[in-house]
Amino acid sequence: MIRFLAFVYALTIPWLIQSQTSYLLEAEAFLDPGGWSVDPQFVQQMGSPYLMAHGMGRPVQDARTEFKVDQHGSYHVWVRTKDWAPGPWESPGRFIIYIDSIEHLVTPVPEWNWVYLDQYELAEGLVSISLRDVTGFNARCDAIYLSTDSVTPPIDYDALQVWRQAKHREPLAPEVEKTYDLVITGGGIAGCAAAIAAAEQGLEVALIHDRPVLGGNASSEIRVHTLGIYGKFERILRKIDTEHYPNGSAEAIRDQEKRDSNMHQYANLDIFLNWRAYDAVSKDSIIQYVDARHTSSGERIRFKSNLFLDSTGDGWIGYWAGAEYSYGRESVYKYGEKWPEWGELWSPEVGDNLVMGSSILWQTTLLDSATSFTEVPWAMDVARDHMATAGEWYWEFSRSDMHQIRDGEEIRDHLLRAIFGSFYNAKQDTSHSNYALEWVSYLLGKRESRRLMGDHIFTFNDVTELRKFKDSVVMEIREVDVHFQKQLDDEKQPDFLSTALFYKTSKYYIPYRSLYSRNIKNLFMAGRNFSCSHVGLGGPRVMRTTGQMGAAVGYAASLCKRFDVFPRAIYHSYLDQYMSLIEERQWLRP
Amino acid sequence: MAKTLTTILSLLFIWTTSNKPIHEPHFLESPIPWDRIDTAEYISSFPSTTTESDFALYILKDQKGEPLFFYSALTTPVCIDNICKPVDIEIYWDLVGQYIGLAIDPEKPLTKYDHEVWVEEDYEKLHALLQNKHSILNRKSLDNLYDLQANREDTIRFNGQEVDAITGATKKEIKAHIIDGALYSCYAVWQIAHGPVRDSIRSFIDSTFDQIQWLKFLYSENREYQYKGLQNLSDTALHDHAARIIEVLPQSKPVARTYALKKLPIPFWQNAAFVQGVYSNMGVYDVFSNTILINKLSIAEPIGLLETSKHISHLTKNQLTKYLSFIRPEMPHYEPIVGNLKDAFSTSNYRYKYLLESFMD
């Protein structure tokens with residue numbers, strides 16, 4: 001039966017395209033990924049989702065697929081993979097590939113690259129391919145290429161994309177188009193809140209999210225608890241937020257179930273899970289569409305709308321569409337965000353590219369008996385002598401030579417090395433004999449990346465002066481906390497730990513004008529990519545606050561549709577109606 | 001008239017000297033001996049955010065009038081549930097407002113809530129607590145801390161450790177910061193030592209210290225003072241003391257070093273001796289500083305490229321990639337640079353040597 005399905009699959013799906021002499025097999029489209037995870041986080045940097053063996057030290061189950069060889073021949077075989085921890089040790093990214101019964105150990109090389117295996121005789125008919133994890137430590141496979149030609153596939157990103165498209169015989173544009181009143185990209189708390197608010201107001205809404213579960217940093221895959229207040233959106237936010245368990249807790253799974261259940265209550269809300277946007281095109285400063293691709297099958301859809309929300313966190317929609325954005329720490333003189341107590345650590349005299357870092361949360365469990373943890377020599381130059389049996393928010397990594405988006409994969413891998421190495425150190429102490437790794441996320445929990453610029457740029461001064469705006473739609477009382485790497489203040493500290501500086505405050509407000517782009521007419525933004533300065537982001541980046549932003553955008557979108565206007569007009573011409581709508585909706589019974 | 005003036009001056013003298021600390025500190029993190037203190041000059045009063053008291057702040061000077069420390073003798077009631085007890089403690093700060101030590105009147109030792117007198121270990125713990133400017137006491141409310149001390153019933157276990165449900169901070173972490181039975185004293189004193197007094201000290205030195213004093217800071221062995229000097233010296237003064245900056249940078253904390261490297265104006269980078277001096281220390285600098293130096297190579301004298309090539313194995317992937325993008329065959333020092341790169345490739349276990357290999361190919 002499996003063979004039959006595989007045969008049908010091989011014949012029908014566009015993702016497994018065959019020419020007479022070559023076959024490109026995308027690993028994320030394998031029939032059975034086994035214990036390997038589909039990782040789409042770094043598509044924009046390395047070109048594709050890939051399979052990763054995230055076994056926390058225990059090899060995961062084999063991934064397996066089949067494809068049909070049309071023509072008997074001698075095929076050269078390449079695997080696109082990466083040695084994620086290069087150095088003078090055996091790579092943790094080793095794995096074995098089976099082509100039918102032929103076994104080949106894949107030793108990856110630094111950076112994403114094609115590793116040549118050998119030349120194999122393949123007979124006409126179905127061929128089985130399996131990936132066998134060797135180490136349990138994050139081996140990765142993007143694709144397998146078999147060709148009777150001996151020319152190595154392209155390495156360069158752009159050339160590879162073109163080559164890939166040709167191999168898959170993809171038309172330039174997606175063949176499927178869908179049209180909505182509002183297209184939301186990014187299903188974190190902000191995107192979910194926006195979807196609920198807009199759907200409740202009757203809009204036809206698309207919510208595109210590149211993971212199998214909603215919630216972003218609050219999801220069961222990343223497990224950061226939601227902080228902040230509900231503002232005027234308690235009814236909506238309670239459907240999607242979390243309890244206040246410790247970061248990393250498995251209790252996140254219970255809140256995930258609540259969120260998933262609540263998000264699927266709206267007939268006019270189409271949720272596209274495992275779809276990742278890869279382009280947005282604007283004309284005359286108006287976004288025409290967003291293109292997205294399924295992270296496993298490779299299918300594509302073009303999403304059209306008059307209104308778009310960028311809640312991707314990284315500001316991708318705005319970035320592709322040409323929205324103005326900022327990145328890094330502004331000079332203290334730019335907005336006057338000085339806090340003398342902390343000086344350079346708070347807001348530097350000369351601006352730079354240093355931002356708050358990303359985290360990987362992790363959890364251990366105590367077993368009834370002792371358990372071992374294998375040596376991880378490739379992790380020790382990061383962990384050094386640090387030992388730990390648990391992580392928290394301050395396991396955070398940022399460096400001024402690294403970009404939180406462009407270098408995201410290396411940042412994630414650095415944190416994995418920090419975790420595995422620190423846990424290995426802890427295990428050398430007999431008091432930790434019974435500890436075992438229970439869960440380590442492989443998804444980056446980002447704090448800061450691109451910040452799209454709106455008509456109002458929210459800054460620290462809006463907090464210190466407790467400014468009220470006639471379009472105040474978000475409010476918060478939680479401290480403003482800006483993080484910095486501990487090493488900046490004490491070079492003896494590990495480079496993966498951070499400290500937070502807390503500015504205690506009374507209630508402050510964020511205006512609606514920070515939630516739409518100043519130069520792309522039909523673009524809203526909510527979440528950490530809203531319009532703010534680096535220090536301004538310090539407070540409202542927590543997820544109940546970003547959820548407020550999302551809900552406020554959802555209501556604004558409904559008025560945009562009713563009056564057939566773009567977001568800016570809500571502030572200039574329909575503000576009373578907008579503020580009244582928010583006020584009225586907050587008193588509805590759950 | 002002269003007699004009146006003399007009387008005033010005498011009174012003033014008595015007033016200033018009478019406030020000189022009389023109890024030798026338990027702890028004083030300074031190379032300056034306590035007995036060098038000669039006078040105490042009143043500066044201002046500062047409020048406490050936790051005890052609703054105001055305290056007098058003094059600057060302590062030596063015989064020559066050189067400022068040494070800031071100082072305040074605190075006598076404050078610390079209250080919980082309307083039961084108050086006095087806390088008498090003397091606090092020392094350095095000239096940039098960092099807590100550095102404390103003294104206790106032997107007649108008035110600190111006591112815990114069960115009236116037990118503090119032992120030496122408790123003072124040591126308090127001193128360590130006060131030295132931590134990022135203490136958990138800064139970010140947690142007193143109520144939360146009180147709950148933890150009271151063995152709250154809803155304490156949950158996580159990763160085998162008891163956890164404070166508010167922030168995820170472990171009880172172990174909090175206990176490490178607080179003396180058993182003296183939570184409120186610890187909290188109140190930490191808040192005083194790290195509260196508005198730091199603004200008072202900052203305001204005072206910023207308004208009264210001049211370029212001469214900042215220059216002394218630059219030449220001090222105290223790296224916080226060096227940092228403050230770098231922040232306050234004029235470009236001209238910095239230029240005149242470029243050699244000292246080269247000496248100071250390797251000793252600096254990364255935050256101070258990066259501040260200086262970012263701030264130094266273009267003429268510094270066009271001074272070959274300065275560039276050589278600064279880049280020759282890349283092997284001891286932090287990653288943040290080296291990133292700045294790599295970026296400055298576009299405006300720095302070419303000797304910077306040569307010096308960097310001697311420290312290749314300290315560079316990150318992105319730093320190395322950027323560095324290699326600057327290397328051109330027609331540039332000065334090209335041959336020795338390539339020679340150093342080859343050495344790094346052939347003799348080290350450098351993680352990114354594969355980038356060197358592709359460069360040399």
# chains A, B, ... in the order shown; residues from 1 in each chain; ligands from 1
>>> residues_around(residues="Thr546 in chain A", least_positions_apart="5", cutoff="8 Å", atoms="only C-alpha atoms", output="PyMOL selection string")
chain A and resi 189-190+526-528+540-541
>>> residues_around(residues="range 33-46 of chain B", least_positions_apart="2", cutoff="10 Å", atoms="only C-alpha atoms", output="PyMOL selection string")
chain B and resi 12-25+28-31+48-49+53-72+192+195-201+204
>>> select_by_dssp(residues="range 229-356 of chain A", states="strand (DSSP E or B)", output="ChimeraX atom specification")
/A:269-273,275-283,286-294,300-305,308-310,325-326,329,352
>>> write_last_selection(atoms="C-alpha atoms", output="compact mmCIF listing (two decimals), in the first residue's frame")
# COMPACT_ATOMS: atom_id res chain seq x y z
CA LEU A 269 -10.96 32.74 9.28
CA ASP A 270 -8.80 30.48 7.13
CA ILE A 271 -5.71 29.33 8.99
CA PHE A 272 -2.81 28.21 6.83
CA LEU A 273 -0.52 26.25 9.10
CA TRP A 275 2.79 27.88 5.14
CA ARG A 276 5.68 30.32 5.00
CA ALA A 277 5.49 33.60 3.14
CA TYR A 278 8.41 34.21 0.80
CA ASP A 279 7.50 37.38 -1.05
CA ALA A 280 5.30 40.46 -0.99
CA VAL A 281 5.02 42.83 -3.90
CA SER A 282 3.86 46.41 -3.80
CA LYS A 283 2.92 48.80 -6.56
CA ILE A 286 0.31 49.39 -2.05
CA ILE A 287 0.93 45.70 -1.43
CA GLN A 288 -0.67 43.64 -4.16
CA TYR A 289 -0.13 40.18 -2.79
CA VAL A 290 1.84 37.92 -0.49
CA ASP A 291 3.18 34.63 -1.83
CA ALA A 292 3.58 31.68 0.49
CA ARG A 293 4.84 28.14 0.19
CA HIS A 294 3.94 25.03 2.15
CA ARG A 300 2.40 27.75 -3.38
CA ILE A 301 -0.50 30.20 -2.95
CA ARG A 302 -0.77 33.87 -3.84
CA PHE A 303 -2.76 35.77 -1.22
CA LYS A 304 -4.46 38.94 -2.44
CA SER A 305 -6.12 41.59 -0.32
CA PHE A 308 -2.11 43.18 5.01
CA LEU A 309 -0.80 42.71 8.52
CA ASP A 310 2.86 41.97 9.12
CA TYR A 325 12.36 49.92 8.89
CA SER A 326 15.09 50.21 11.45
CA ARG A 329 20.34 50.52 18.72
CA ASP A 352 25.24 50.18 16.56
>>> closest_residue(among="A:Asn519, A:Gln548, A:Ser498, A:Thr430", to="chain B", atoms="only C-alpha atoms")
A:Ser498
>>> residues_around(residues="Ala323 in chain A", least_positions_apart="6", cutoff="8 Å", atoms="only C-alpha atoms", output="list in words")
Leu452, Met453, Ser517, Arg518, Asn519 and Ile520 of chain A
>>> write_last_selection(atoms="N, CA, C and O atoms", output="compact mmCIF listing (two decimals), in the first residue's frame")
# COMPACT_ATOMS: atom_id res chain seq x y z
N LEU A 452 9.43 47.97 11.80
CA LEU A 452 8.86 48.75 10.70
C LEU A 452 8.44 50.11 11.22
O LEU A 452 8.01 50.26 12.36
N MET A 453 8.59 51.10 10.39
CA MET A 453 8.36 52.47 10.88
C MET A 453 6.98 52.98 10.50
O MET A 453 6.58 52.93 9.34
N SER A 517 2.26 51.18 8.57
CA SER A 517 3.49 51.66 7.93
C SER A 517 3.35 53.10 7.48
O SER A 517 2.29 53.53 7.03
N ARG A 518 4.45 53.81 7.56
CA ARG A 518 4.37 55.21 7.13
C ARG A 518 4.53 55.37 5.63
O ARG A 518 4.22 56.42 5.09
N ASN A 519 5.01 54.33 4.94
CA ASN A 519 5.17 54.51 3.49
C ASN A 519 4.52 53.40 2.65
O ASN A 519 4.46 53.54 1.44
N ILE A 520 4.04 52.35 3.27
CA ILE A 520 3.27 51.35 2.52
C ILE A 520 1.82 51.50 2.97
O ILE A 520 1.49 51.25 4.13
